[in-house]
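K.L.:
Hey, dropping work.pdb in here, PDB, C-alpha atoms:
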ATOM      1  CA  MET A  52      59.466 -79.888 -29.954
ATOM      2  CA  ALA A  53      58.950 -82.582 -27.298
ATOM      3  CA  LYS A  54      59.433 -86.262 -28.082
ATOM      4  CA  TYR A  55      56.199 -87.174 -26.337
ATOM      5  CA  ARG A  56      52.801 -85.719 -25.470
ATOM      6  CA  LYS A  57      52.464 -84.329 -21.969
ATOM      7  CA  LEU A  58      48.686 -84.951 -21.850
ATOM      8  CA  GLY A  59      48.202 -82.068 -19.405
ATOM      9  CA  ARG A  60      49.569 -84.017 -16.461
ATOM     10  CA  THR A  61      52.615 -84.189 -14.226
ATOM     11  CA  SER A  62      55.179 -86.836 -15.127
ATOM     12  CA  ASP A  63      54.185 -89.339 -12.403
ATOM     13  CA  GLN A  64      50.474 -89.045 -13.271
ATOM     14  CA  ARG A  65      51.231 -89.383 -16.975
ATOM     15  CA  LYS A  66      53.400 -92.481 -16.482
ATOM     16  CA  ALA A  67      50.746 -94.109 -14.290
ATOM     17  CA  LEU A  68      48.014 -93.337 -16.839
ATOM     18  CA  LEU A  69      50.027 -94.768 -19.727
ATOM     19  CA  ARG A  70      51.045 -97.890 -17.776
ATOM     20  CA  ASN A  71      47.428 -98.488 -16.768
ATOM     21  CA  GLN A  72      46.099 -98.089 -20.296
ATOM     22  CA  VAL A  73      48.824-100.273 -21.865
ATOM     23  CA  THR A  74      48.062-102.983 -19.283
ATOM     24  CA  ASN A  75      44.342-102.792 -20.089
ATOM     25  CA  LEU A  76      44.992-102.845 -23.833
ATOM     26  CA  LEU A  77      47.090-106.003 -23.588
ATOM     27  CA  TYR A  78      44.637-107.664 -21.180
ATOM     28  CA  HIS A  79      41.365-106.836 -22.983
ATOM     29  CA  GLY A  80      42.602-106.479 -26.573
ATOM     30  CA  LYS A  81      41.043-103.045 -27.119
ATOM     31  CA  ILE A  82      40.268 -99.845 -25.203
ATOM     32  CA  VAL A  83      38.371 -96.610 -25.835
ATOM     33  CA  THR A  84      40.372 -93.441 -25.139
ATOM     34  CA  THR A  85      41.248 -90.054 -26.619
ATOM     35  CA  GLU A  86      43.323 -89.753 -29.769
ATOM     36  CA  ALA A  87      46.343 -88.132 -28.087
ATOM     37  CA  ARG A  88      46.470 -90.816 -25.380
ATOM     38  CA  ALA A  89      46.058 -93.590 -27.945
ATOM     39  CA  LYS A  90      49.039 -92.358 -29.944
ATOM     40  CA  GLU A  91      51.210 -92.413 -26.812
ATOM     41  CA  ILE A  92      49.915 -95.804 -25.626
ATOM     42  CA  ARG A  93      50.599 -97.250 -29.077
ATOM     43  CA  LYS A  94      54.360 -96.606 -28.648
ATOM     44  CA  PHE A  95      54.524 -98.609 -25.408
ATOM     45  CA  ALA A  96      52.311-101.453 -26.647
ATOM     46  CA  GLU A  97      54.152-101.856 -29.950
ATOM     47  CA  SER A  98      57.537-102.012 -28.216
ATOM     48  CA  LEU A  99      56.325-104.610 -25.686
ATOM     49  CA  ILE A 100      54.825-106.808 -28.415
ATOM     50  CA  ALA A 101      57.988-106.465 -30.535
ATOM     51  CA  LEU A 102      60.022-107.603 -27.520
ATOM     52  CA  ALA A 103      57.675-110.581 -27.031
ATOM     53  CA  VAL A 104      57.943-111.564 -30.709
ATOM     54  CA  LYS A 105      61.741-111.370 -30.593
ATOM     55  CA  GLU A 106      62.110-113.497 -27.426
ATOM     56  CA  LYS A 107      59.135-115.880 -27.761
ATOM     57  CA  ASP A 108      61.194-119.041 -28.404
ATOM     58  CA  ASN A 109      64.221-118.173 -26.291
ATOM     59  CA  PHE A 110      63.808-120.707 -23.464
ATOM     60  CA  GLU A 111      64.708-124.269 -22.607
ATOM     61  CA  THR A 112      62.574-126.913 -20.906
ATOM     62  CA  VAL A 113      64.114-128.395 -17.777
ATOM     63  CA  LYS A 114      62.960-131.330 -15.643
ATOM     64  CA  VAL A 115      62.868-130.572 -11.924
ATOM     65  CA  THR A 116      61.673-132.483  -8.889
ATOM     66  CA  ALA A 117      59.399-130.653  -6.502
ATOM     67  CA  LYS A 118      57.822-131.415  -3.155
ATOM     68  CA  VAL A 119      54.042-131.033  -3.415
ATOM     69  CA  PRO A 120      51.739-131.314  -0.381
ATOM     70  CA  LYS A 121      49.480-134.377  -0.455
ATOM     71  CA  LYS A 122      45.771-133.449  -0.467
ATOM     72  CA  ASP A 123      42.618-135.313   0.543
ATOM     73  CA  LYS A 124      39.312-135.497  -1.371
ATOM     74  CA  ASP A 125      38.243-132.038  -0.079
ATOM     75  CA  GLY A 126      41.443-130.409  -1.336
ATOM     76  CA  LYS A 127      42.888-129.898   2.142
ATOM     77  CA  ARG A 128      46.455-130.825   3.052
ATOM     78  CA  VAL A 129      46.989-134.219   4.676
ATOM     79  CA  LYS A 130      48.646-133.936   8.101
ATOM     80  CA  GLU A 131      50.238-136.589  10.268
ATOM     81  CA  VAL A 132      51.515-136.465  13.827
ATOM     82  CA  VAL A 133      55.312-136.622  14.182
ATOM     83  CA  ASP A 134      56.905-136.129  17.623
ATOM     84  CA  GLY A 135      53.659-134.686  18.998
ATOM     85  CA  ARG A 136      53.283-132.063  16.230
ATOM     86  CA  LYS A 137      51.092-132.020  13.144
ATOM     87  CA  VAL A 138      53.229-132.023   9.978
ATOM     88  CA  THR A 139      52.121-131.781   6.343
ATOM     89  CA  VAL A 140      52.808-134.850   4.186
ATOM     90  CA  TYR A 141      54.638-134.162   0.908
ATOM     91  CA  ASP A 142      54.930-136.114  -2.354
ATOM     92  CA  THR A 143      57.904-135.787  -4.696
ATOM     93  CA  VAL A 144      56.773-134.913  -8.229
ATOM     94  CA  GLU A 145      58.819-134.467 -11.407
ATOM     95  CA  LYS A 146      57.797-131.440 -13.491
ATOM     96  CA  GLU A 147      58.894-129.844 -16.744
ATOM     97  CA  ILE A 148      59.333-126.081 -16.569
ATOM     98  CA  LYS A 149      60.374-123.368 -19.015
ATOM     99  CA  LYS A 150      63.700-121.805 -18.067
ATOM    100  CA  ASP A 151      64.283-118.401 -19.640
ATOM    101  CA  MET A 152      67.553-117.677 -21.349
ATOM    102  CA  PRO A 153      69.273-114.474 -20.121
ATOM    103  CA  SER A 154      67.950-112.208 -22.906
ATOM    104  CA  ARG A 155      64.352-113.439 -22.420
ATOM    105  CA  LEU A 156      64.661-112.928 -18.666
ATOM    106  CA  HIS A 157      65.825-109.361 -19.315
ATOM    107  CA  ALA A 158      62.877-108.841 -21.695
ATOM    108  CA  ARG A 159      60.490-110.212 -19.036
ATOM    109  CA  ARG A 160      61.827-107.735 -16.474
ATOM    110  CA  GLN A 161      61.556-104.853 -18.951
ATOM    111  CA  MET A 162      57.893-105.788 -19.528
ATOM    112  CA  LEU A 163      57.218-106.021 -15.794
ATOM    113  CA  LYS A 164      58.605-102.477 -15.453
ATOM    114  CA  VAL A 165      55.749-101.196 -17.625
ATOM    115  CA  LEU A 166      52.826-103.531 -16.863
ATOM    116  CA  TYR A 167      50.723-103.400 -13.719
ATOM    117  CA  PRO A 168      49.700-106.668 -12.020
ATOM    118  CA  VAL A 169      46.217-107.812 -13.120
ATOM    119  CA  THR A 170      43.835-109.660 -10.804
ATOM    120  CA  GLU A 171      40.881-111.535 -12.259
ATOM    121  CA  VAL A 172      37.735-111.428 -10.095
ATOM    122  CA  PRO A 173      34.893-113.951 -10.569
ATOM    123  CA  THR A 174      31.526-112.519 -11.649
ATOM    124  CA  THR A 175      29.466-114.371  -9.030
ATOM    125  CA  ALA A 176      29.030-112.509  -5.752
ATOM    126  CA  ALA A 177      29.703-115.521  -3.499
ATOM    127  CA  GLY A 178      33.371-115.928  -2.646
ATOM    128  CA  ARG A 179      34.602-113.047  -4.794
ATOM    129  CA  LYS A 180      37.731-112.455  -2.780
ATOM    130  CA  ARG A 181      38.539-116.147  -2.490
ATOM    131  CA  GLY A 182      38.112-116.866  -6.197
ATOM    132  CA  THR A 183      40.490-114.147  -7.405
ATOM    133  CA  LYS A 184      43.598-115.086  -9.340
ATOM    134  CA  GLU A 185      46.631-113.244 -10.629
ATOM    135  CA  VAL A 186      46.898-113.044 -14.436
ATOM    136  CA  ASP A 187      50.409-113.418 -15.879
ATOM    137  CA  LEU A 188      50.363-110.790 -18.638
ATOM    138  CA  VAL A 189      54.021-111.339 -19.505
ATOM    139  CA  ALA A 190      53.355-115.029 -20.195
ATOM    140  CA  LYS A 191      50.349-113.983 -22.312
ATOM    141  CA  LEU A 192      52.618-111.631 -24.271
ATOM    142  CA  PHE A 193      55.202-114.341 -24.941
ATOM    143  CA  ASP A 194      52.842-117.257 -25.608
ATOM    144  CA  GLU A 195      49.798-115.664 -27.227
ATOM    145  CA  TYR A 196      50.886-112.378 -28.813
ATOM    146  CA  GLY A 197      54.434-113.531 -29.629
ATOM    147  CA  ALA A 198      53.096-116.450 -31.657
ATOM    148  CA  LYS A 199      50.253-114.412 -33.193
ATOM    149  CA  TYR A 200      52.461-111.588 -34.491
ATOM    150  CA  ALA A 201      55.610-113.624 -35.340
ATOM    151  CA  SER A 202      55.188-113.126 -39.102
ATOM    152  CA  ARG A 203      54.374-109.424 -38.800
ATOM    153  CA  ASN A 204      56.967-106.613 -38.858
ATOM    154  CA  GLY A 205      55.422-103.978 -36.602
ATOM    155  CA  GLY A 206      51.983-102.404 -36.832
ATOM    156  CA  TYR A 207      50.419-104.500 -34.071
ATOM    157  CA  THR A 208      47.817-101.878 -33.098
ATOM    158  CA  ARG A 209      45.076-100.024 -34.939
ATOM    159  CA  ILE A 210      43.429 -96.679 -34.113
ATOM    160  CA  VAL A 211      39.815 -96.232 -35.259
ATOM    161  CA  LYS A 212      38.127 -92.848 -34.719
ATOM    162  CA  ILE A 213      34.628 -93.052 -33.237
ATOM    163  CA  GLY A 214      33.783 -89.341 -32.970
ATOM    164  CA  PRO A 215      33.907 -86.496 -30.473
ATOM    165  CA  ARG A 216      33.191 -87.088 -26.776
ATOM    166  CA  LYS A 217      30.000 -85.472 -25.526
ATOM    167  CA  GLY A 218      31.448 -83.573 -22.537
ATOM    168  CA  ASP A 219      34.485 -81.816 -24.000
ATOM    169  CA  ALA A 220      34.396 -82.749 -27.705
ATOM    170  CA  ALA A 221      37.754 -84.550 -27.477
ATOM    171  CA  MET A 222      38.183 -87.007 -30.366
ATOM    172  CA  GLU A 223      37.550 -90.511 -29.041
ATOM    173  CA  VAL A 224      39.155 -93.542 -30.644
ATOM    174  CA  VAL A 225      39.231 -97.303 -30.250
ATOM    175  CA  LEU A 226      42.773 -98.585 -29.834
ATOM    176  CA  GLU A 227      42.855-102.306 -30.619
ATOM    177  CA  LEU A 228      45.325-105.045 -31.339
ATOM    178  CA  VAL A 229      45.273-106.098 -34.999
TER
END
Output the file's structure as structure tokens, nothing else.
P.N.:
Amino acid sequence: MAKYRKLGRTSDQRKALLRNQVTNLLYHGKIVTTEARAKEIRKFAESLIALAVKEKDNFETVKVTAKVPKKDKDGKRVKEVVDGRKVTVYDTVEKEIKKDMPSRLHARRQMLKVLYPVTEVPTTAAGRKRGTKEVDLVAKLFDEYGAKYASRNGGYTRIVKIGPRKGDAAMEVVLELV
């Protein structure tokens, strides 16, 4: 007997489907899918959350100095003329950043292997492309889900049956984070 469900697809299609659905589950908190898919997605999601819980506090805060471009009241970079060329003016700023320890960095890279990049698009039609921003799902896993499920030993997802699908009578379920 196989260790996983083949879901009637080739391996590359199956991996893409599972990665996509795990990404959506972690981004939205719940998804509607078939029972067989949900049981496969659950394995990936539970392992990612367990990794986040294990490594959530494994970092150190470090002070660094960074050069940040000076901006005017409109949010545009301030330029000055030096030797006949326009050059951006920079300020030196001291910041505190989180520096991952080696095991957390490894966990982050393992998560990035599974998760697709998520782009958030604004709902208003004007400036849709300009207002987009990249969502850091790995940071959400560490900060939000790691803290939320710290006291829990597994069982981070729940499958609730909602009945057969109209087209092919496949059992549909809601897969949600507890």
K.L.:
I'd like the residues picked by the PyMOL selection byres ((chain A and resi 111-125) around 9) written out as a list in words, using the chain letters and numbers from the file.
P.N.:
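Selection result, ordered by chain and number: Asp108, Asn109, Phe110, Gly126, Lys127, Arg128, Val129, Lys130, Thr139, Val140, Tyr141, Asp142, Thr143, Val144, Glu145, Lys146, Glu147, Ile148, Lys149, Lys150, Asp151 and Met152 of chain A.
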K.L.:
Quick one: apply the PyMOL selection byres ((chain A and resi 101) around 12) to the file and drop the selected residues here as a VMD selection string.
P.N.:
chain A and resid 93 to 100 102 to 107 158 162 192 to 193 196 to 208
K.L.:
Please produce a file of those selected residues containing C-alpha atoms, as a JSON list (two decimals), in the frame of the given file.
P.N.:
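And here is the file that came out, part-v5.json:
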[["chain", "number", "residue", "atom", "x", "y", "z"],
["A", 93, "ARG", "CA", 50.60, -97.25, -29.08],
["A", 94, "LYS", "CA", 54.36, -96.61, -28.65],
["A", 95, "PHE", "CA", 54.52, -98.61, -25.41],
["A", 96, "ALA", "CA", 52.31, -101.45, -26.65],
["A", 97, "GLU", "CA", 54.15, -101.86, -29.95],
["A", 98, "SER", "CA", 57.54, -102.01, -28.22],
["A", 99, "LEU", "CA", 56.32, -104.61, -25.69],
["A", 100, "ILE", "CA", 54.82, -106.81, -28.42],
["A", 102, "LEU", "CA", 60.02, -107.60, -27.52],
["A", 103, "ALA", "CA", 57.68, -110.58, -27.03],
["A", 104, "VAL", "CA", 57.94, -111.56, -30.71],
["A", 105, "LYS", "CA", 61.74, -111.37, -30.59],
["A", 106, "GLU", "CA", 62.11, -113.50, -27.43],
["A", 107, "LYS", "CA", 59.14, -115.88, -27.76],
["A", 158, "ALA", "CA", 62.88, -108.84, -21.70],
["A", 162, "MET", "CA", 57.89, -105.79, -19.53],
["A", 192, "LEU", "CA", 52.62, -111.63, -24.27],
["A", 193, "PHE", "CA", 55.20, -114.34, -24.94],
["A", 196, "TYR", "CA", 50.89, -112.38, -28.81],
["A", 197, "GLY", "CA", 54.43, -113.53, -29.63],
["A", 198, "ALA", "CA", 53.10, -116.45, -31.66],
["A", 199, "LYS", "CA", 50.25, -114.41, -33.19],
["A", 200, "TYR", "CA", 52.46, -111.59, -34.49],
["A", 201, "ALA", "CA", 55.61, -113.62, -35.34],
["A", 202, "SER", "CA", 55.19, -113.13, -39.10],
["A", 203, "ARG", "CA", 54.37, -109.42, -38.80],
["A", 204, "ASN", "CA", 56.97, -106.61, -38.86],
["A", 205, "GLY", "CA", 55.42, -103.98, -36.60],
["A", 206, "GLY", "CA", 51.98, -102.40, -36.83],
["A", 207, "TYR", "CA", 50.42, -104.50, -34.07],
["A", 208, "THR", "CA", 47.82, -101.88, -33.10]]
K.L.:
What's the separation between CA of Val165 (chain A) and CA of Leu76 (chain A), in Å to one decimal place?
P.N.:
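According to the coordinates, CA of Val165 (chain A) and CA of Leu76 (chain A) are separated by 12.5 Å.
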K.L.:
Taking the file above as input, evaluate the PyMOL selection byres ((chain A and resi 59-73) around 9) and report the hits as a PDB file with C-alpha atoms, in the frame of the given file.
P.N.:
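This is the output file out.pdb:
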ATOM      1  CA  ARG A  56      52.801 -85.719 -25.470  1.00  0.00           C
ATOM      2  CA  LYS A  57      52.464 -84.329 -21.969  1.00  0.00           C
ATOM      3  CA  LEU A  58      48.686 -84.951 -21.850  1.00  0.00           C
ATOM      4  CA  THR A  74      48.062-102.983 -19.283  1.00  0.00           C
ATOM      5  CA  ASN A  75      44.342-102.792 -20.089  1.00  0.00           C
ATOM      6  CA  LEU A  76      44.992-102.845 -23.833  1.00  0.00           C
ATOM      7  CA  LEU A  77      47.090-106.003 -23.588  1.00  0.00           C
ATOM      8  CA  TYR A  78      44.637-107.664 -21.180  1.00  0.00           C
ATOM      9  CA  ILE A  82      40.268 -99.845 -25.203  1.00  0.00           C
ATOM     10  CA  THR A  84      40.372 -93.441 -25.139  1.00  0.00           C
ATOM     11  CA  ARG A  88      46.470 -90.816 -25.380  1.00  0.00           C
ATOM     12  CA  ALA A  89      46.058 -93.590 -27.945  1.00  0.00           C
ATOM     13  CA  GLU A  91      51.210 -92.413 -26.812  1.00  0.00           C
ATOM     14  CA  ILE A  92      49.915 -95.804 -25.626  1.00  0.00           C
ATOM     15  CA  ARG A  93      50.599 -97.250 -29.077  1.00  0.00           C
ATOM     16  CA  PHE A  95      54.524 -98.609 -25.408  1.00  0.00           C
ATOM     17  CA  ALA A  96      52.311-101.453 -26.647  1.00  0.00           C
ATOM     18  CA  VAL A 165      55.749-101.196 -17.625  1.00  0.00           C
ATOM     19  CA  LEU A 166      52.826-103.531 -16.863  1.00  0.00           C
ATOM     20  CA  TYR A 167      50.723-103.400 -13.719  1.00  0.00           C
TER      21      TYR A 167
END
K.L.:
Tell me, in Å to one decimal, how far CA of Ala190 (chain A) is from CA of Lys81 (chain A).
P.N.:
18.5 Å
K.L.:
Which is closest to Lys90 (chain A) among A:Leu228, A:Ile210, A:Val133, A:Val189, if we use all atoms listed in the file?
P.N.:
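Closest to Lys90 (chain A) of all the choices is A:Ile210.
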